[in-house]
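Novice: Please find one structure pasted underneath; my questions will follow.
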Amino acid sequence: MKPMFNILVVDDDLKNIQVGINFLKQNTNYHLVFATSGEQALERVKETSFDLILLDIMMPVLDGFEVCKILKADEQTKQIPVIFLTAKHEEDSVMEGFKVGGADYITKPFNAAELNARVKTHLELHYFYQQEIAKLKEVLMYSQKAETIKFIAGGVAHDCKNFLTVVPYNLEMLEKISGEKQDSSDNSLELIHDTKVAISRVSGLIDHFFSLNKDDKGDSELVDMNEVAADISKVYKDWLRHNIDFSIELLSQPALTMANKLHVEQVLLNLLINAQHAVMEKMDNGQTDGTIRLLIERVEQVGNEELRQNMPYLQISVIDNGIGIREKSLEQIFDAFFTTKEDRGGSGLGLAVSKHILKTHEGAIFVDSIEGKGTTFTIYLPFAELS
Ligand SMILES: Nc1ncnc2c1ncn2[C@@H]1O[C@H](COP(=O)(O)OP(=O)(O)OP(=O)(O)O)[C@@H](O)[C@H]1O
Ligand SMILES: [Mg+2]
């Protein structure tokens, strides 16, 4: 659908207005409004948001230049392009028109083709400009929102870290008391151990959050992704509903990469939790066979422009048969704050953070999904050869 444009025609001579309006009204997407004085023009501008003003210069009391100056001094109206209407003998004043902010001029008596062409050009330019401004505003709003969330999240993470410091000490004490008990038939030692593991993971994630503000991967070491995947799935398995079939296929050789271990762990965890949500949602709708596969392979050549050529990569896939992702959402899932889980407390940061982590590791993440059938996330990390 074509956009509608509001055009104001200002002239103290009604005849000129009539001619102008007659020439322009063939365009069904122009909504034409007229004013017969400078004062009236300023009133009209308050009532309607115009996309263009055709403004006569010679008018009693408030002439065209004065009106233009007032419009250009006002935040609300300064963007509206003004085309001056000049009589033949006023052509000298054209420069004055540009000085006060006019975009163009048209000489009277009007030539239909010229009037239409100039009006069209300025409307298009204005429209394009407005679109660009709207986009820029959106980007600005987004980055302000991101900054605010970063600030709040930073505070929360900081406080969590402080509160968490008491937990390991308390757990140590509990461990001691339980160990000293004669009756070791209960499983309290095991529970304490699991809690310790979970707490150290939370604490690690908070450290990770702080390091996310940096643009590099931080401390890196030679990491075997086979081990990372096995560790994660040990913890992760406990969270899975019993009837989800989870399988893991490791690489037959050490799956080595130079990485920040905590960061790559977080990526896998994000992907597995997302897969779990997607599968569980489908199971809530009646599906009985929920499956998630974690697969680690080595590829000699990925053939993607985001990654280097002639270099081996670790390819890690998380494959689920959950609800899948709508084609329209596929473009947005890596955007920060994009979530379809608002009602379940989703922050929409998991994939954005994962993508950032992979970028800092000179890797990449891709998605393949069919709505209703399932999703595969594939990540690539440079393979580290032991020389
Ligand atoms: N395996 C998947 N299957 C279906 N949809 C998915 C899958 N993974 C991600 N998505 C979609 O992508 C969106 C963004 O995922 P992301 O992990 O960034 O945020 P989230 O899971 O909504 O919240 P959180 O920040 O808590 O992870 C999800 O809300 C979901 O719509
Ligand atoms: Mg997530």
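We label chains A, B, ... in the order they appear in the structure tokens, count residues from 1 in each chain, and number ligands from 1 in the order shown.
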Using only C-alpha atoms, determine which residues lie at most 9 Å from Ser233 of chain A, disregarding the query and same-chain residues fewer than 2 positions distant; provide the list as a VMD selection string.

Specialist: chain A and resid 228 to 231 235 to 238 246 248 269 272

Novice: Can I get the selected residues back with N, CA and C atoms, as an mmCIF file, in the first residue's frame?

Specialist:
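File produced: again_35.cif:
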```cif
data_model
loop_
_atom_site.group_PDB
_atom_site.id
_atom_site.type_symbol
_atom_site.label_atom_id
_atom_site.label_comp_id
_atom_site.auth_asym_id
_atom_site.auth_seq_id
_atom_site.Cartn_x
_atom_site.Cartn_y
_atom_site.Cartn_z
ATOM 1 N N VAL A 228 34.011 -31.470 28.188
ATOM 2 C CA VAL A 228 33.030 -30.431 28.524
ATOM 3 C C VAL A 228 31.620 -30.980 28.303
ATOM 4 N N ALA A 229 31.413 -31.613 27.142
ATOM 5 C CA ALA A 229 30.081 -32.127 26.811
ATOM 6 C C ALA A 229 29.664 -33.211 27.803
ATOM 7 N N ALA A 230 30.618 -34.089 28.148
ATOM 8 C CA ALA A 230 30.282 -35.172 29.081
ATOM 9 C C ALA A 230 29.915 -34.599 30.456
ATOM 10 N N ASP A 231 30.703 -33.609 30.903
ATOM 11 C CA ASP A 231 30.429 -32.985 32.208
ATOM 12 C C ASP A 231 29.058 -32.326 32.224
ATOM 13 N N VAL A 235 25.420 -33.076 34.520
ATOM 14 C CA VAL A 235 24.609 -32.147 35.310
ATOM 15 C C VAL A 235 23.243 -32.000 34.649
ATOM 16 N N TYR A 236 23.315 -31.870 33.356
ATOM 17 C CA TYR A 236 22.108 -31.554 32.612
ATOM 18 C C TYR A 236 21.071 -32.667 32.690
ATOM 19 N N LYS A 237 21.570 -33.895 32.660
ATOM 20 C CA LYS A 237 20.690 -35.059 32.661
ATOM 21 C C LYS A 237 19.722 -35.026 33.845
ATOM 22 N N ASP A 238 20.254 -34.534 34.989
ATOM 23 C CA ASP A 238 19.403 -34.491 36.173
ATOM 24 C C ASP A 238 18.203 -33.582 35.979
ATOM 25 N N PHE A 246 17.868 -38.510 25.810
ATOM 26 C CA PHE A 246 19.040 -37.675 25.563
ATOM 27 C C PHE A 246 20.236 -38.550 25.197
ATOM 28 N N ILE A 248 24.410 -38.692 23.520
ATOM 29 C CA ILE A 248 25.595 -37.879 23.269
ATOM 30 C C ILE A 248 26.611 -38.720 22.496
ATOM 31 N N LEU A 269 25.361 -25.303 27.384
ATOM 32 C CA LEU A 269 24.255 -25.314 28.338
ATOM 33 C C LEU A 269 23.053 -24.544 27.771
ATOM 34 N N LEU A 272 21.410 -26.661 25.128
ATOM 35 C CA LEU A 272 20.699 -27.825 25.681
ATOM 36 C C LEU A 272 19.428 -27.396 26.412
#
```

Novice: Would you mind listing what lies within 6 Å of segment 214-224 of chain A as a PyMOL selection string, with only C-alpha atoms counted and same-chain residues fewer than 3 positions away left out?

Specialist: chain A and resi 211+227+254-260+360

Novice: Restrict the selected residues to N, CA and C atoms and save them as a PDB file, in the first residue's frame.

Specialist:
```
ATOM      1  N   SER A 211      32.800 -11.063  32.499  1.00  0.00           N
ATOM      2  CA  SER A 211      33.785 -11.061  31.407  1.00  0.00           C
ATOM      3  C   SER A 211      33.126 -10.862  30.043  1.00  0.00           C
ATOM      4  N   GLU A 227      35.179 -33.699  26.959  1.00  0.00           N
ATOM      5  CA  GLU A 227      35.030 -33.653  28.419  1.00  0.00           C
ATOM      6  C   GLU A 227      33.965 -32.648  28.842  1.00  0.00           C
ATOM      7  N   PRO A 254      40.554 -36.785  21.091  1.00  0.00           N
ATOM      8  CA  PRO A 254      40.270 -35.610  21.932  1.00  0.00           C
ATOM      9  C   PRO A 254      39.783 -34.435  21.075  1.00  0.00           C
ATOM     10  N   ALA A 255      38.674 -33.828  21.501  1.00  0.00           N
ATOM     11  CA  ALA A 255      38.070 -32.733  20.715  1.00  0.00           C
ATOM     12  C   ALA A 255      38.646 -31.415  21.211  1.00  0.00           C
ATOM     13  N   LEU A 256      39.860 -31.123  20.754  1.00  0.00           N
ATOM     14  CA  LEU A 256      40.606 -30.017  21.361  1.00  0.00           C
ATOM     15  C   LEU A 256      40.370 -28.665  20.691  1.00  0.00           C
ATOM     16  N   THR A 257      40.280 -27.645  21.533  1.00  0.00           N
ATOM     17  CA  THR A 257      40.195 -26.278  21.026  1.00  0.00           C
ATOM     18  C   THR A 257      40.771 -25.344  22.085  1.00  0.00           C
ATOM     19  N   MET A 258      41.325 -24.206  21.654  1.00  0.00           N
ATOM     20  CA  MET A 258      41.812 -23.222  22.629  1.00  0.00           C
ATOM     21  C   MET A 258      40.620 -22.364  23.016  1.00  0.00           C
ATOM     22  N   ALA A 259      40.172 -22.491  24.258  1.00  0.00           N
ATOM     23  CA  ALA A 259      38.930 -21.787  24.608  1.00  0.00           C
ATOM     24  C   ALA A 259      38.915 -21.383  26.058  1.00  0.00           C
ATOM     25  N   ASN A 260      38.009 -20.477  26.365  1.00  0.00           N
ATOM     26  CA  ASN A 260      37.691 -20.182  27.750  1.00  0.00           C
ATOM     27  C   ASN A 260      36.643 -21.225  28.135  1.00  0.00           C
ATOM     28  N   THR A 360      34.132 -14.413  19.769  1.00  0.00           N
ATOM     29  CA  THR A 360      35.414 -14.155  20.439  1.00  0.00           C
ATOM     30  C   THR A 360      36.348 -15.366  20.332  1.00  0.00           C
TER      31      THR A 360
END
```

Novice: For ligand 1, collect every residue having any atom at a distance of at most 9 Å from a ligand atom (counting only C-alpha atoms and all ligand atoms); output as number ranges by chain.

Specialist: A: 270-279, 318-326, 329-330, 332-342, 344-354, 367, 369, 371, 374-377

Novice: Once DSSP has gone over the backbone, tell me which residues of segment 115-278 of chain A are in helix (DSSP H, G or I), as a ChimeraX atom specification.

Specialist: /A:115-164,166-180,188-212,225-239,261-278

Novice: Which residue out of A:Gln266, A:Ser178, A:Gln287, A:Gln40 has the minimum interatomic distance to ligand 2 when only C-alpha atoms and all ligand atoms are used?

Specialist: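 Closest residue, counting only C-alpha atoms and all ligand atoms: A:Gln266.
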
Novice: Using only C-alpha atoms, determine which residues lie at most 12 Å from Glu39 of chain A, disregarding the query and same-chain residues fewer than 5 positions distant; provide the list as a VMD selection string.

Specialist: chain A and resid 10 to 12 44 to 46 59 to 64 66 to 68 70 to 71

Novice: Can you spit out the residues from that selection as a PDB file, in the first residue's frame, using C-alpha atoms?

Specialist:
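Generated file (result_1.pdb):
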```pdb
ATOM      1  CA  VAL A  10      -0.322  28.298   1.180  1.00  0.00           C
ATOM      2  CA  ASP A  11      -1.161  31.318  -1.008  1.00  0.00           C
ATOM      3  CA  ASP A  12      -3.167  34.470  -0.390  1.00  0.00           C
ATOM      4  CA  ARG A  44      -2.841  24.269  10.100  1.00  0.00           C
ATOM      5  CA  VAL A  45       0.606  22.960  10.957  1.00  0.00           C
ATOM      6  CA  LYS A  46      -0.452  22.620  14.584  1.00  0.00           C
ATOM      7  CA  MET A  59       1.680  37.503   1.520  1.00  0.00           C
ATOM      8  CA  PRO A  60       0.422  40.360   3.718  1.00  0.00           C
ATOM      9  CA  VAL A  61       1.395  40.478   7.442  1.00  0.00           C
ATOM     10  CA  LEU A  62       3.458  37.259   7.608  1.00  0.00           C
ATOM     11  CA  ASP A  63       5.258  36.539   4.351  1.00  0.00           C
ATOM     12  CA  GLY A  64       6.550  33.145   3.200  1.00  0.00           C
ATOM     13  CA  GLU A  66       8.823  34.581   7.989  1.00  0.00           C
ATOM     14  CA  VAL A  67       6.583  31.522   8.050  1.00  0.00           C
ATOM     15  CA  CYS A  68       9.480  29.332   6.916  1.00  0.00           C
ATOM     16  CA  ILE A  70       9.162  29.973  12.305  1.00  0.00           C
ATOM     17  CA  LEU A  71       8.696  26.431  10.980  1.00  0.00           C
TER      18      LEU A  71
END
```

Novice: Counting only C-alpha atoms, which of A:Ile244, A:Val264, A:Ala157, A:Ile206 gets nearest to Met283 of chain A?

Specialist: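 Closest to Met283 of chain A of all the choices is A:Ile244.
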
Novice: Check the DSSP output for the backbone and give back, as a list of chain:residue names, the residues of segment 292-358 of chain A in strand (DSSP E).

Specialist: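 After running DSSP on the backbone, segment 292-358 of chain A has strand (DSSP E) at A:Ile292, A:Arg293, A:Leu294, A:Leu295, A:Ile296, A:Glu297, A:Arg298, A:Val299, A:Tyr313, A:Leu314, A:Gln315, A:Ile316, A:Ser317, A:Val318, A:Ile319, A:Asp320.
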
Novice: How far is it from atom CA of Glu305 of chain A to atom CA of Gly363 of chain A, in Å with one decimal?

Specialist: 11.4 Å

Novice: At a cut-off of 9 Å, using only C-alpha atoms, what residues contact Val33 of chain A? Leave out same-chain residues fewer than 4 positions from it and give the result as a ChimeraX atom specification.

Specialist: /A:6-10,21,44

Novice: For those residues, write N, CA and C atoms to a file as a short mmCIF file (atom, residue, chain, number, x, y, z; two decimals), in the first residue's frame.

Specialist:
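Contents of out.cif, freshly written:
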```cif
data_model
loop_
_atom_site.label_atom_id
_atom_site.label_comp_id
_atom_site.auth_asym_id
_atom_site.auth_seq_id
_atom_site.Cartn_x
_atom_site.Cartn_y
_atom_site.Cartn_z
N ASN A 6 0.42 14.19 3.46
CA ASN A 6 -0.33 15.43 3.73
C ASN A 6 0.45 16.61 3.17
N ILE A 7 -0.20 17.36 2.29
CA ILE A 7 0.48 18.52 1.67
C ILE A 7 -0.31 19.79 1.98
N LEU A 8 0.41 20.81 2.42
CA LEU A 8 -0.24 22.10 2.70
C LEU A 8 0.12 23.09 1.59
N VAL A 9 -0.90 23.69 0.98
CA VAL A 9 -0.66 24.70 -0.06
C VAL A 9 -1.05 26.06 0.52
N VAL A 10 -0.07 27.00 0.54
CA VAL A 10 -0.32 28.30 1.18
C VAL A 10 -0.16 29.42 0.15
N ILE A 21 -3.92 22.87 -6.53
CA ILE A 21 -4.64 21.69 -6.03
C ILE A 21 -5.14 20.85 -7.20
N ARG A 44 -2.65 25.58 10.75
CA ARG A 44 -2.84 24.27 10.10
C ARG A 44 -1.74 23.28 10.53
#
```
